[in-house]
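Single-structure report; data block below.
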Amino acid sequence: MTLSPETLRQRLLDRASAPYRAAGKFAYHFARGKLGGDPMFLALLQRGLIPDRSRILDLGCGQGLLAAWLLAARQLYDAGEWPAGWPAPAQVADIRGIDMLASDIRRAREALGAPARFELGDMRDVDFEQADVVVIMDVLHYVDRPAQEDVLRRVRDALPPGGLLLTRVGDARAGWGFQLSNWVDRTVAFFRGNRLPPLHCRPLTDWIQSLEALGFSVETAPMNGDLPFANVMLVARLG
């Protein structure tokens, strides 16, 4: 059955959020709200950014929504329910999520099993091991500039030649759209149980320069959906 993109989005949302019923009402409704409202999840599939059989490292994984989304996408594809012209979603070999919020890791573990695995840890000091794809979605600005540079350097060291870093950052030179996205970010952090941390944001050109200095080639794409934010997805390939 060939699906329209809108029908696919709804079926993905239903399938990816369903496992979170086992983790409680908050986990389920948070999954539906985030997966249904954040355009980056659908963009990863529409652009075919995740290679097949990848080892994926998700830093700041929260309750494991990326894993749930990718696994649901492959299930729909294997059932023959996929839009014509869209690339096949990846068959995930392994996805390892790391987050420093114990309640999120608990929800992730209660909802999802293999090939997803989740660990409590801080990206500033946890061993990244080896990965083919590293995803850091809306997390880097929670640590200071030296820690950002160290995390990016260690990501590079964890990737093979041609390996992929997918991240989303706010452009600090984007005016009121940037201020609005920061306010939303802090609100989400509060409701997830985090304290309201200081943010260490940078202009988009600054992020790109840091990545290029580490040997990445970088492509950018606005990633705001219909909202007036200043979020940009960086597709950084090593070598």
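In the structure tokens, chains take the letters A, B, ... in the order shown, each chain's residues start at 1, and ligands count up from 1 in the order shown.
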Hey, could you make a per-residue contact list for stretch 68-173 of chain A against stretch 12-18 of chain A with 6 Å as the cut-off, showing the nearest pair of atoms and its distance in Å to one decimal, counting only C-alpha atoms, sorted by chain and number, as JSON lines?
{"residue": "A:Ala68", "atom": "CA", "partner": "A:Ala16", "partner_atom": "CA", "distance": 5.1}
{"residue": "A:Trp69", "atom": "CA", "partner": "A:Ala16", "partner_atom": "CA", "distance": 5.2}
{"residue": "A:Ala72", "atom": "CA", "partner": "A:Ala16", "partner_atom": "CA", "distance": 5.3}
Please produce an output containing N, CA and C atoms for each residue in the selection, written as a PDB file, in the first residue's frame.
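part.pdb, written as the output of this step:
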ATOM      1  N   ALA A  68      12.487   5.015  18.719  1.00  0.00           N
ATOM      2  CA  ALA A  68      11.101   4.604  18.475  1.00  0.00           C
ATOM      3  C   ALA A  68      10.657   4.970  17.069  1.00  0.00           C
ATOM      4  N   TRP A  69      11.043   6.146  16.613  1.00  0.00           N
ATOM      5  CA  TRP A  69      10.661   6.644  15.300  1.00  0.00           C
ATOM      6  C   TRP A  69      11.282   5.814  14.180  1.00  0.00           C
ATOM      7  N   ALA A  72       9.783   2.294  14.092  1.00  0.00           N
ATOM      8  CA  ALA A  72       8.416   2.322  13.550  1.00  0.00           C
ATOM      9  C   ALA A  72       8.438   2.514  12.045  1.00  0.00           C
TER      10      ALA A  72
END
>> So the first atom is atom CA of A:Arg47 and the second is atom CA of A:Glu119; what is the distance between them in Å, to one decimal place?
In response: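 Atom-to-atom, atom CA of A:Arg47 to atom CA of A:Glu119, that is 28.4 Å.
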>> I want to know what sits within 8 Å of stretch 160-172 of chain A, based on only C-alpha atoms, with residues of the same chain fewer than 5 positions away left out; could you give that as a PyMOL selection string?
In response: chain A and resi 131-138+140-141+155+178+181+201-204+223+230-239
Keeping N, CA, C and O atoms, export the residues of the selection given above as an mmCIF file, in the first residue's frame.
data_model
loop_
_atom_site.group_PDB
_atom_site.id
_atom_site.type_symbol
_atom_site.label_atom_id
_atom_site.label_comp_id
_atom_site.auth_asym_id
_atom_site.auth_seq_id
_atom_site.Cartn_x
_atom_site.Cartn_y
_atom_site.Cartn_z
ATOM 1 N N ALA A 131 30.717 4.470 16.214
ATOM 2 C CA ALA A 131 29.385 4.623 15.626
ATOM 3 C C ALA A 131 29.533 5.009 14.163
ATOM 4 O O ALA A 131 30.580 5.505 13.736
ATOM 5 N N ASP A 132 28.475 4.770 13.403
ATOM 6 C CA ASP A 132 28.420 5.221 12.004
ATOM 7 C C ASP A 132 27.686 6.545 11.877
ATOM 8 O O ASP A 132 27.960 7.329 10.960
ATOM 9 N N VAL A 133 26.734 6.775 12.783
ATOM 10 C CA VAL A 133 25.947 8.005 12.800
ATOM 11 C C VAL A 133 25.840 8.473 14.243
ATOM 12 O O VAL A 133 25.516 7.683 15.140
ATOM 13 N N VAL A 134 26.114 9.751 14.465
ATOM 14 C CA VAL A 134 25.905 10.363 15.778
ATOM 15 C C VAL A 134 24.837 11.440 15.622
ATOM 16 O O VAL A 134 24.906 12.276 14.716
ATOM 17 N N VAL A 135 23.835 11.401 16.495
ATOM 18 C CA VAL A 135 22.752 12.396 16.490
ATOM 19 C C VAL A 135 22.814 13.180 17.801
ATOM 20 O O VAL A 135 22.861 12.587 18.884
ATOM 21 N N ILE A 136 22.843 14.510 17.684
ATOM 22 C CA ILE A 136 22.805 15.397 18.861
ATOM 23 C C ILE A 136 21.742 16.445 18.566
ATOM 24 O O ILE A 136 22.005 17.430 17.899
ATOM 25 N N MET A 137 20.560 16.210 19.069
ATOM 26 C CA MET A 137 19.422 17.065 18.713
ATOM 27 C C MET A 137 19.102 18.028 19.859
ATOM 28 O O MET A 137 18.636 17.605 20.923
ATOM 29 N N ASP A 138 19.406 19.321 19.670
ATOM 30 C CA ASP A 138 19.033 20.364 20.629
ATOM 31 C C ASP A 138 19.675 20.161 22.002
ATOM 32 O O ASP A 138 19.028 20.367 23.033
ATOM 33 N N LEU A 140 23.632 20.510 22.450
ATOM 34 C CA LEU A 140 24.975 21.064 22.603
ATOM 35 C C LEU A 140 24.999 22.393 23.350
ATOM 36 O O LEU A 140 25.967 22.716 24.040
ATOM 37 N N HIS A 141 23.941 23.185 23.214
ATOM 38 C CA HIS A 141 23.941 24.498 23.849
ATOM 39 C C HIS A 141 23.754 24.441 25.362
ATOM 40 O O HIS A 141 23.817 25.471 26.035
ATOM 41 N N VAL A 155 33.257 13.070 18.980
ATOM 42 C CA VAL A 155 32.356 12.525 17.956
ATOM 43 C C VAL A 155 33.148 12.194 16.697
ATOM 44 O O VAL A 155 32.994 11.109 16.110
ATOM 45 N N PHE A 178 15.259 33.375 17.415
ATOM 46 C CA PHE A 178 16.185 32.671 18.296
ATOM 47 C C PHE A 178 15.737 32.798 19.750
ATOM 48 O O PHE A 178 15.764 31.813 20.506
ATOM 49 N N SER A 181 12.771 30.446 20.356
ATOM 50 C CA SER A 181 13.151 29.037 20.429
ATOM 51 C C SER A 181 13.833 28.725 21.757
ATOM 52 O O SER A 181 13.640 27.645 22.329
ATOM 53 N N CYS A 201 24.877 29.449 23.510
ATOM 54 C CA CYS A 201 24.475 29.442 22.101
ATOM 55 C C CYS A 201 25.509 30.168 21.246
ATOM 56 O O CYS A 201 26.268 31.013 21.726
ATOM 57 N N ARG A 202 25.499 29.861 19.947
ATOM 58 C CA ARG A 202 26.485 30.407 19.031
ATOM 59 C C ARG A 202 25.821 30.722 17.697
ATOM 60 O O ARG A 202 24.808 30.116 17.337
ATOM 61 N N PRO A 203 26.396 31.650 16.928
ATOM 62 C CA PRO A 203 25.903 31.870 15.567
ATOM 63 C C PRO A 203 26.107 30.625 14.707
ATOM 64 O O PRO A 203 27.032 29.836 14.928
ATOM 65 N N LEU A 204 25.254 30.461 13.723
ATOM 66 C CA LEU A 204 25.353 29.304 12.831
ATOM 67 C C LEU A 204 26.729 29.222 12.172
ATOM 68 O O LEU A 204 27.306 28.131 12.064
ATOM 69 N N MET A 223 15.075 24.026 10.140
ATOM 70 C CA MET A 223 14.319 22.926 10.723
ATOM 71 C C MET A 223 13.388 23.464 11.805
ATOM 72 O O MET A 223 13.507 23.165 12.986
ATOM 73 N N ALA A 230 14.509 29.588 15.108
ATOM 74 C CA ALA A 230 15.796 29.808 14.429
ATOM 75 C C ALA A 230 16.618 28.533 14.454
ATOM 76 O O ALA A 230 17.836 28.563 14.569
ATOM 77 N N ASN A 231 15.953 27.395 14.335
ATOM 78 C CA ASN A 231 16.621 26.098 14.400
ATOM 79 C C ASN A 231 17.136 25.670 13.029
ATOM 80 O O ASN A 231 16.432 25.811 12.025
ATOM 81 N N VAL A 232 18.346 25.116 13.019
ATOM 82 C CA VAL A 232 18.971 24.684 11.777
ATOM 83 C C VAL A 232 19.531 23.280 11.957
ATOM 84 O O VAL A 232 20.215 23.009 12.964
ATOM 85 N N MET A 233 19.228 22.399 11.026
ATOM 86 C CA MET A 233 19.823 21.076 11.032
ATOM 87 C C MET A 233 21.167 21.125 10.300
ATOM 88 O O MET A 233 21.256 21.675 9.196
ATOM 89 N N LEU A 234 22.194 20.561 10.919
ATOM 90 C CA LEU A 234 23.505 20.447 10.298
ATOM 91 C C LEU A 234 23.734 18.983 9.943
ATOM 92 O O LEU A 234 23.627 18.095 10.797
ATOM 93 N N VAL A 235 24.016 18.745 8.680
ATOM 94 C CA VAL A 235 24.358 17.409 8.192
ATOM 95 C C VAL A 235 25.862 17.439 7.929
ATOM 96 O O VAL A 235 26.317 18.019 6.940
ATOM 97 N N ALA A 236 26.645 16.864 8.840
ATOM 98 C CA ALA A 236 28.094 16.965 8.799
ATOM 99 C C ALA A 236 28.689 15.594 8.522
ATOM 100 O O ALA A 236 28.512 14.662 9.297
ATOM 101 N N ARG A 237 29.378 15.489 7.387
ATOM 102 C CA ARG A 237 29.971 14.217 6.993
ATOM 103 C C ARG A 237 31.489 14.306 7.108
ATOM 104 O O ARG A 237 32.105 15.289 6.721
ATOM 105 N N LEU A 238 32.080 13.264 7.681
ATOM 106 C CA LEU A 238 33.515 13.282 7.970
ATOM 107 C C LEU A 238 34.327 12.878 6.747
ATOM 108 O O LEU A 238 34.094 11.825 6.153
ATOM 109 N N GLY A 239 35.282 13.726 6.406
ATOM 110 C CA GLY A 239 36.225 13.372 5.356
ATOM 111 C C GLY A 239 35.693 13.742 3.978
ATOM 112 O O GLY A 239 34.622 14.276 3.806
#
> If we count only C-alpha atoms, what is near stretch 91-108 of chain A at a cut-off of 6 Å, once residues fewer than 4 positions away on the same chain are taken out, given as a list in words?
Replying inline: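 The neighbour list is Ala23, Asp52, Arg53, Ser54, Arg55, Ile56, Leu57, Asp58, Leu59, Gly60, Cys61, Gly62, Gln63, Gly64, Leu112, Pro115, Ala116, Arg117, Phe118, Glu119, Leu120, Gly121 and Asp122 of chain A.
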Just C-alpha atoms for this one: save the residues we selected as a PDB file, in the first residue's frame.
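Heads up, here's the output in result.pdb:
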ATOM      1  CA  ALA A  23       6.036   3.801  30.555  1.00  0.00           C
ATOM      2  CA  ASP A  52      21.090   1.099   6.344  1.00  0.00           C
ATOM      3  CA  ARG A  53      22.517  -1.138   9.082  1.00  0.00           C
ATOM      4  CA  SER A  54      24.022   1.855  10.892  1.00  0.00           C
ATOM      5  CA  ARG A  55      25.320   1.892  14.420  1.00  0.00           C
ATOM      6  CA  ILE A  56      23.650   5.014  15.807  1.00  0.00           C
ATOM      7  CA  LEU A  57      24.701   7.006  18.864  1.00  0.00           C
ATOM      8  CA  ASP A  58      21.995   9.366  20.153  1.00  0.00           C
ATOM      9  CA  LEU A  59      23.459  11.893  22.612  1.00  0.00           C
ATOM     10  CA  GLY A  60      20.824  13.543  24.775  1.00  0.00           C
ATOM     11  CA  CYS A  61      18.372  10.844  23.733  1.00  0.00           C
ATOM     12  CA  GLY A  62      15.673  11.778  26.238  1.00  0.00           C
ATOM     13  CA  GLN A  63      13.148   8.968  26.433  1.00  0.00           C
ATOM     14  CA  GLY A  64      14.382   7.374  23.212  1.00  0.00           C
ATOM     15  CA  LEU A 112      11.776  -0.062  23.932  1.00  0.00           C
ATOM     16  CA  PRO A 115      18.174  -3.077  18.984  1.00  0.00           C
ATOM     17  CA  ALA A 116      17.766   0.033  21.151  1.00  0.00           C
ATOM     18  CA  ARG A 117      19.717   0.356  24.405  1.00  0.00           C
ATOM     19  CA  PHE A 118      19.835   3.268  26.799  1.00  0.00           C
ATOM     20  CA  GLU A 119      22.399   4.438  29.332  1.00  0.00           C
ATOM     21  CA  LEU A 120      22.482   7.078  32.021  1.00  0.00           C
ATOM     22  CA  GLY A 121      25.448   9.337  31.374  1.00  0.00           C
ATOM     23  CA  ASP A 122      26.805  12.774  30.546  1.00  0.00           C
TER      24      ASP A 122
END
So which bits of chain A end up strand (DSSP E) when you DSSP the backbone, as a compact mmCIF listing (two decimals) with all heavy atoms, in the first residue's frame?
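selection_39.txt was written with the following content:
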# COMPACT_ATOMS: atom_id res chain seq x y z
N ARG A 55 25.20 1.81 12.96
CA ARG A 55 25.32 1.89 14.42
C ARG A 55 25.11 3.37 14.78
O ARG A 55 25.90 4.22 14.39
CB ARG A 55 26.70 1.44 14.88
CG ARG A 55 27.04 -0.02 14.53
CD ARG A 55 28.52 -0.26 14.71
NE ARG A 55 29.31 0.58 13.79
CZ ARG A 55 30.63 0.73 13.87
NH1 ARG A 55 31.33 0.13 14.81
NH2 ARG A 55 31.27 1.51 13.00
N ILE A 56 24.05 3.64 15.53
CA ILE A 56 23.65 5.01 15.81
C ILE A 56 23.91 5.34 17.27
O ILE A 56 23.55 4.56 18.17
CB ILE A 56 22.17 5.22 15.47
CG1 ILE A 56 21.90 4.88 14.00
CG2 ILE A 56 21.75 6.66 15.77
CD1 ILE A 56 20.43 4.82 13.65
N LEU A 57 24.51 6.49 17.52
CA LEU A 57 24.70 7.01 18.86
C LEU A 57 23.85 8.26 19.00
O LEU A 57 24.05 9.23 18.26
CB LEU A 57 26.18 7.33 19.11
CG LEU A 57 26.52 8.01 20.44
CD1 LEU A 57 26.15 7.12 21.63
CD2 LEU A 57 28.00 8.38 20.49
N ASP A 58 22.91 8.25 19.94
CA ASP A 58 22.00 9.37 20.15
C ASP A 58 22.35 10.03 21.48
O ASP A 58 22.04 9.50 22.56
CB ASP A 58 20.55 8.85 20.15
CG ASP A 58 19.51 9.96 20.27
OD1 ASP A 58 19.89 11.14 20.20
OD2 ASP A 58 18.32 9.62 20.43
N LEU A 59 23.03 11.17 21.41
CA LEU A 59 23.46 11.89 22.61
C LEU A 59 22.37 12.86 23.04
O LEU A 59 21.91 13.68 22.25
CB LEU A 59 24.76 12.64 22.34
CG LEU A 59 25.97 11.77 21.97
CD1 LEU A 59 27.16 12.64 21.62
CD2 LEU A 59 26.31 10.81 23.12
N ASP A 94 22.00 -1.06 15.42
CA ASP A 94 22.16 -0.80 16.85
C ASP A 94 21.93 0.68 17.07
O ASP A 94 22.42 1.51 16.30
CB ASP A 94 23.58 -1.19 17.30
CG ASP A 94 23.84 -0.85 18.76
OD1 ASP A 94 23.26 -1.53 19.63
OD2 ASP A 94 24.60 0.09 19.04
N ILE A 95 21.17 1.03 18.10
CA ILE A 95 21.02 2.43 18.46
C ILE A 95 21.21 2.55 19.96
O ILE A 95 20.51 1.92 20.75
CB ILE A 95 19.68 3.03 17.99
CG1 ILE A 95 19.60 4.51 18.36
CG2 ILE A 95 18.48 2.24 18.46
CD1 ILE A 95 18.53 5.29 17.60
N ARG A 96 22.19 3.35 20.33
CA ARG A 96 22.58 3.53 21.73
C ARG A 96 22.25 4.95 22.14
O ARG A 96 22.77 5.90 21.56
CB ARG A 96 24.08 3.25 21.87
CG ARG A 96 24.66 3.47 23.25
CD ARG A 96 26.16 3.25 23.22
NE ARG A 96 26.79 3.55 24.50
CZ ARG A 96 27.96 4.17 24.62
NH1 ARG A 96 28.63 4.55 23.53
NH2 ARG A 96 28.46 4.41 25.81
N GLY A 97 21.38 5.09 23.11
CA GLY A 97 20.99 6.40 23.58
C GLY A 97 21.60 6.71 24.93
O GLY A 97 21.67 5.83 25.81
N ILE A 98 22.05 7.95 25.09
CA ILE A 98 22.67 8.38 26.35
C ILE A 98 21.99 9.67 26.79
O ILE A 98 21.83 10.60 26.00
CB ILE A 98 24.18 8.60 26.18
CG1 ILE A 98 24.87 7.28 25.81
CG2 ILE A 98 24.80 9.18 27.44
CD1 ILE A 98 26.32 7.43 25.41
N ASP A 99 21.61 9.72 28.06
CA ASP A 99 21.00 10.93 28.60
C ASP A 99 21.34 10.99 30.09
O ASP A 99 21.52 9.94 30.74
CB ASP A 99 19.48 10.93 28.40
CG ASP A 99 18.88 12.32 28.49
OD1 ASP A 99 18.67 12.81 29.62
OD2 ASP A 99 18.65 12.93 27.43
N ALA A 116 17.52 -1.20 20.41
CA ALA A 116 17.77 0.03 21.15
C ALA A 116 18.26 -0.30 22.56
O ALA A 116 17.80 -1.25 23.19
CB ALA A 116 16.49 0.87 21.22
N ARG A 117 19.23 0.48 23.03
CA ARG A 117 19.72 0.36 24.41
C ARG A 117 20.01 1.75 24.93
O ARG A 117 20.43 2.63 24.18
CB ARG A 117 20.95 -0.54 24.48
CG ARG A 117 22.06 -0.17 23.54
CD ARG A 117 23.08 -1.29 23.36
NE ARG A 117 24.08 -0.97 22.37
CZ ARG A 117 25.31 -0.53 22.66
NH1 ARG A 117 25.68 -0.37 23.91
NH2 ARG A 117 26.17 -0.26 21.69
N PHE A 118 19.79 1.93 26.23
CA PHE A 118 19.84 3.27 26.80
C PHE A 118 20.67 3.27 28.07
O PHE A 118 20.57 2.36 28.89
CB PHE A 118 18.41 3.76 27.09
CG PHE A 118 17.55 3.78 25.86
CD1 PHE A 118 16.67 2.74 25.59
CD2 PHE A 118 17.65 4.82 24.95
CE1 PHE A 118 15.89 2.74 24.45
CE2 PHE A 118 16.87 4.82 23.80
CZ PHE A 118 16.00 3.78 23.55
N GLU A 119 21.48 4.33 28.21
CA GLU A 119 22.40 4.44 29.33
C GLU A 119 22.30 5.81 29.97
O GLU A 119 22.15 6.83 29.27
CB GLU A 119 23.84 4.23 28.86
CG GLU A 119 24.09 2.90 28.17
CD GLU A 119 25.45 2.85 27.51
OE1 GLU A 119 26.34 3.65 27.90
OE2 GLU A 119 25.63 2.04 26.59
N LEU A 120 22.41 5.83 31.29
CA LEU A 120 22.48 7.08 32.02
C LEU A 120 23.92 7.59 31.95
O LEU A 120 24.86 6.86 32.29
CB LEU A 120 22.07 6.85 33.47
CG LEU A 120 21.94 8.08 34.36
CD1 LEU A 120 20.82 8.98 33.89
CD2 LEU A 120 21.70 7.64 35.81
N VAL A 133 26.73 6.77 12.78
CA VAL A 133 25.95 8.00 12.80
C VAL A 133 25.84 8.47 14.24
O VAL A 133 25.52 7.68 15.14
CB VAL A 133 24.52 7.78 12.23
CG1 VAL A 133 23.72 9.08 12.29
CG2 VAL A 133 24.58 7.25 10.81
N VAL A 134 26.11 9.75 14.47
CA VAL A 134 25.90 10.36 15.78
C VAL A 134 24.84 11.44 15.62
O VAL A 134 24.91 12.28 14.72
CB VAL A 134 27.20 10.97 16.35
CG1 VAL A 134 26.92 11.66 17.68
CG2 VAL A 134 28.27 9.90 16.52
N VAL A 135 23.84 11.40 16.50
CA VAL A 135 22.75 12.40 16.49
C VAL A 135 22.81 13.18 17.80
O VAL A 135 22.86 12.59 18.88
CB VAL A 135 21.38 11.72 16.33
CG1 VAL A 135 20.27 12.77 16.34
CG2 VAL A 135 21.33 10.90 15.05
N ILE A 136 22.84 14.51 17.68
CA ILE A 136 22.80 15.40 18.86
C ILE A 136 21.74 16.44 18.57
O ILE A 136 22.00 17.43 17.90
CB ILE A 136 24.16 16.07 19.13
CG1 ILE A 136 25.32 15.08 19.05
CG2 ILE A 136 24.14 16.75 20.49
CD1 ILE A 136 26.69 15.72 19.25
N MET A 137 20.56 16.21 19.07
CA MET A 137 19.42 17.07 18.71
C MET A 137 19.10 18.03 19.86
O MET A 137 18.64 17.60 20.92
CB MET A 137 18.20 16.20 18.38
CG MET A 137 17.11 16.95 17.64
SD MET A 137 15.61 15.94 17.34
CE MET A 137 16.25 14.58 16.40
N LEU A 164 28.70 10.11 9.83
CA LEU A 164 27.74 11.20 9.78
C LEU A 164 27.42 11.73 11.16
O LEU A 164 27.14 10.94 12.08
CB LEU A 164 26.46 10.73 9.10
CG LEU A 164 25.38 11.75 8.76
CD1 LEU A 164 25.89 12.76 7.74
CD2 LEU A 164 24.15 11.05 8.23
N LEU A 165 27.46 13.05 11.31
CA LEU A 165 26.93 13.73 12.49
C LEU A 165 25.71 14.52 12.07
O LEU A 165 25.77 15.35 11.15
CB LEU A 165 27.98 14.67 13.09
CG LEU A 165 27.47 15.68 14.13
CD1 LEU A 165 26.92 14.98 15.37
CD2 LEU A 165 28.57 16.66 14.52
N LEU A 166 24.59 14.27 12.74
CA LEU A 166 23.36 15.02 12.51
C LEU A 166 23.04 15.78 13.79
O LEU A 166 22.89 15.18 14.86
CB LEU A 166 22.20 14.07 12.18
CG LEU A 166 22.35 13.24 10.91
CD1 LEU A 166 21.26 12.17 10.84
CD2 LEU A 166 22.29 14.13 9.68
N THR A 167 22.98 17.09 13.68
CA THR A 167 22.68 17.88 14.87
C THR A 167 21.76 19.03 14.50
O THR A 167 21.62 19.38 13.32
CB THR A 167 23.98 18.40 15.52
OG1 THR A 167 23.67 19.03 16.77
CG2 THR A 167 24.70 19.39 14.63
N ARG A 168 21.10 19.58 15.51
CA ARG A 168 20.29 20.77 15.30
C ARG A 168 20.71 21.80 16.33
O ARG A 168 20.86 21.49 17.51
CB ARG A 168 18.80 20.47 15.42
CG ARG A 168 17.95 21.73 15.18
CD ARG A 168 16.48 21.40 15.00
NE ARG A 168 15.92 20.71 16.14
CZ ARG A 168 14.68 20.21 16.17
NH1 ARG A 168 13.89 20.33 15.12
NH2 ARG A 168 14.23 19.59 17.25
N VAL A 169 20.92 23.02 15.86
CA VAL A 169 21.37 24.10 16.72
C VAL A 169 20.50 25.33 16.46
O VAL A 169 19.82 25.42 15.43
CB VAL A 169 22.86 24.45 16.47
CG1 VAL A 169 23.76 23.26 16.77
CG2 VAL A 169 23.07 24.94 15.03
N GLY A 170 20.53 26.26 17.39
CA GLY A 170 19.89 27.55 17.18
C GLY A 170 20.92 28.55 16.68
O GLY A 170 22.06 28.56 17.13
N PHE A 216 34.93 17.94 8.95
CA PHE A 216 33.59 17.65 8.44
C PHE A 216 33.26 18.57 7.27
O PHE A 216 33.64 19.74 7.27
CB PHE A 216 32.54 17.87 9.52
CG PHE A 216 32.52 16.85 10.63
CD1 PHE A 216 33.23 17.08 11.81
CD2 PHE A 216 31.80 15.69 10.50
CE1 PHE A 216 33.21 16.16 12.84
CE2 PHE A 216 31.77 14.74 11.52
CZ PHE A 216 32.48 14.98 12.70
N SER A 217 32.53 18.03 6.31
CA SER A 217 31.84 18.88 5.32
C SER A 217 30.41 19.03 5.80
O SER A 217 29.79 18.07 6.26
CB SER A 217 31.88 18.25 3.93
OG SER A 217 31.27 16.98 3.93
N VAL A 218 29.88 20.25 5.71
CA VAL A 218 28.62 20.57 6.39
C VAL A 218 27.59 21.10 5.41
O VAL A 218 27.88 21.99 4.61
CB VAL A 218 28.86 21.63 7.50
CG1 VAL A 218 27.57 21.89 8.27
CG2 VAL A 218 29.96 21.17 8.45
N GLU A 219 26.39 20.54 5.48
CA GLU A 219 25.22 21.08 4.80
C GLU A 219 24.23 21.55 5.85
O GLU A 219 24.17 20.98 6.95
CB GLU A 219 24.57 20.03 3.91
CG GLU A 219 25.46 19.48 2.82
CD GLU A 219 24.79 18.36 2.03
OE1 GLU A 219 23.56 18.20 2.20
OE2 GLU A 219 25.48 17.66 1.30
N THR A 220 23.45 22.56 5.53
CA THR A 220 22.49 23.09 6.50
C THR A 220 21.08 23.08 5.89
O THR A 220 20.91 23.16 4.68
CB THR A 220 22.84 24.53 6.91
OG1 THR A 220 22.70 25.40 5.78
CG2 THR A 220 24.27 24.61 7.44
N ALA A 221 20.09 23.00 6.78
CA ALA A 221 18.70 23.08 6.35
C ALA A 221 17.88 23.66 7.50
O ALA A 221 18.02 23.21 8.64
CB ALA A 221 18.16 21.70 5.97
N PRO A 222 17.04 24.68 7.24
CA PRO A 222 16.15 25.18 8.31
C PRO A 222 15.29 24.04 8.84
O PRO A 222 14.82 23.18 8.07
CB PRO A 222 15.31 26.24 7.59
CG PRO A 222 16.08 26.59 6.37
CD PRO A 222 16.82 25.36 5.96
N ASN A 231 15.95 27.39 14.33
CA ASN A 231 16.62 26.10 14.40
C ASN A 231 17.14 25.67 13.03
O ASN A 231 16.43 25.81 12.03
CB ASN A 231 15.68 25.03 14.95
CG ASN A 231 15.26 25.31 16.37
OD1 ASN A 231 16.05 25.81 17.17
ND2 ASN A 231 14.01 25.01 16.70
N VAL A 232 18.35 25.12 13.02
CA VAL A 232 18.97 24.68 11.78
C VAL A 232 19.53 23.28 11.96
O VAL A 232 20.22 23.01 12.96
CB VAL A 232 20.11 25.64 11.36
CG1 VAL A 232 20.74 25.19 10.05
CG2 VAL A 232 19.60 27.07 11.24
N MET A 233 19.23 22.40 11.03
CA MET A 233 19.82 21.08 11.03
C MET A 233 21.17 21.12 10.30
O MET A 233 21.26 21.68 9.20
CB MET A 233 18.91 20.05 10.36
CG MET A 233 19.52 18.64 10.33
SD MET A 233 18.36 17.36 9.75
CE MET A 233 18.13 17.84 8.04
N LEU A 234 22.19 20.56 10.92
CA LEU A 234 23.50 20.45 10.30
C LEU A 234 23.73 18.98 9.94
O LEU A 234 23.63 18.09 10.80
CB LEU A 234 24.60 20.93 11.25
CG LEU A 234 24.46 22.34 11.81
CD1 LEU A 234 25.65 22.67 12.71
CD2 LEU A 234 24.35 23.36 10.69
N VAL A 235 24.02 18.74 8.68
CA VAL A 235 24.36 17.41 8.19
C VAL A 235 25.86 17.44 7.93
O VAL A 235 26.32 18.02 6.94
CB VAL A 235 23.58 17.05 6.92
CG1 VAL A 235 23.92 15.64 6.45
CG2 VAL A 235 22.08 17.18 7.17
N ALA A 236 26.64 16.86 8.84
CA ALA A 236 28.09 16.97 8.80
C ALA A 236 28.69 15.59 8.52
O ALA A 236 28.51 14.66 9.30
CB ALA A 236 28.62 17.51 10.14
N ARG A 237 29.38 15.49 7.39
CA ARG A 237 29.97 14.22 6.99
C ARG A 237 31.49 14.31 7.11
O ARG A 237 32.11 15.29 6.72
CB ARG A 237 29.58 13.87 5.56
CG ARG A 237 29.76 12.40 5.23
CD ARG A 237 29.14 12.06 3.89
NE ARG A 237 27.71 12.27 3.87
CZ ARG A 237 26.82 11.41 4.34
NH1 ARG A 237 27.23 10.28 4.89
NH2 ARG A 237 25.52 11.66 4.28
N LEU A 238 32.08 13.26 7.68
CA LEU A 238 33.52 13.28 7.97
C LEU A 238 34.33 12.88 6.75
O LEU A 238 34.09 11.82 6.15
CB LEU A 238 33.81 12.32 9.13
CG LEU A 238 35.24 12.31 9.64
CD1 LEU A 238 35.65 13.67 10.17
CD2 LEU A 238 35.38 11.27 10.75
> Contacts of A:Arg21 at 10 Å or less, counting only C-alpha atoms, minus same-chain residues fewer than 3 places along, as a PyMOL selection string?
Replying inline: chain A and resi 17-18+24-29+31+107+110-111
> Near A:Ala88, within 9 Å and counting only C-alpha atoms, which residues show up once chain neighbours fewer than 4 positions away are dropped, as a list in words?
Replying inline: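 Once the nearby chain positions are removed, what remains is Leu45, Gly48, Asp52, Ala73, Arg74, Tyr77 and Trp82 of chain A.
Nearest to A:Val143 of all the residues A:Leu199, A:Phe128, A:Leu3, A:Ala90 is A:Leu199, counting only C-alpha atoms.
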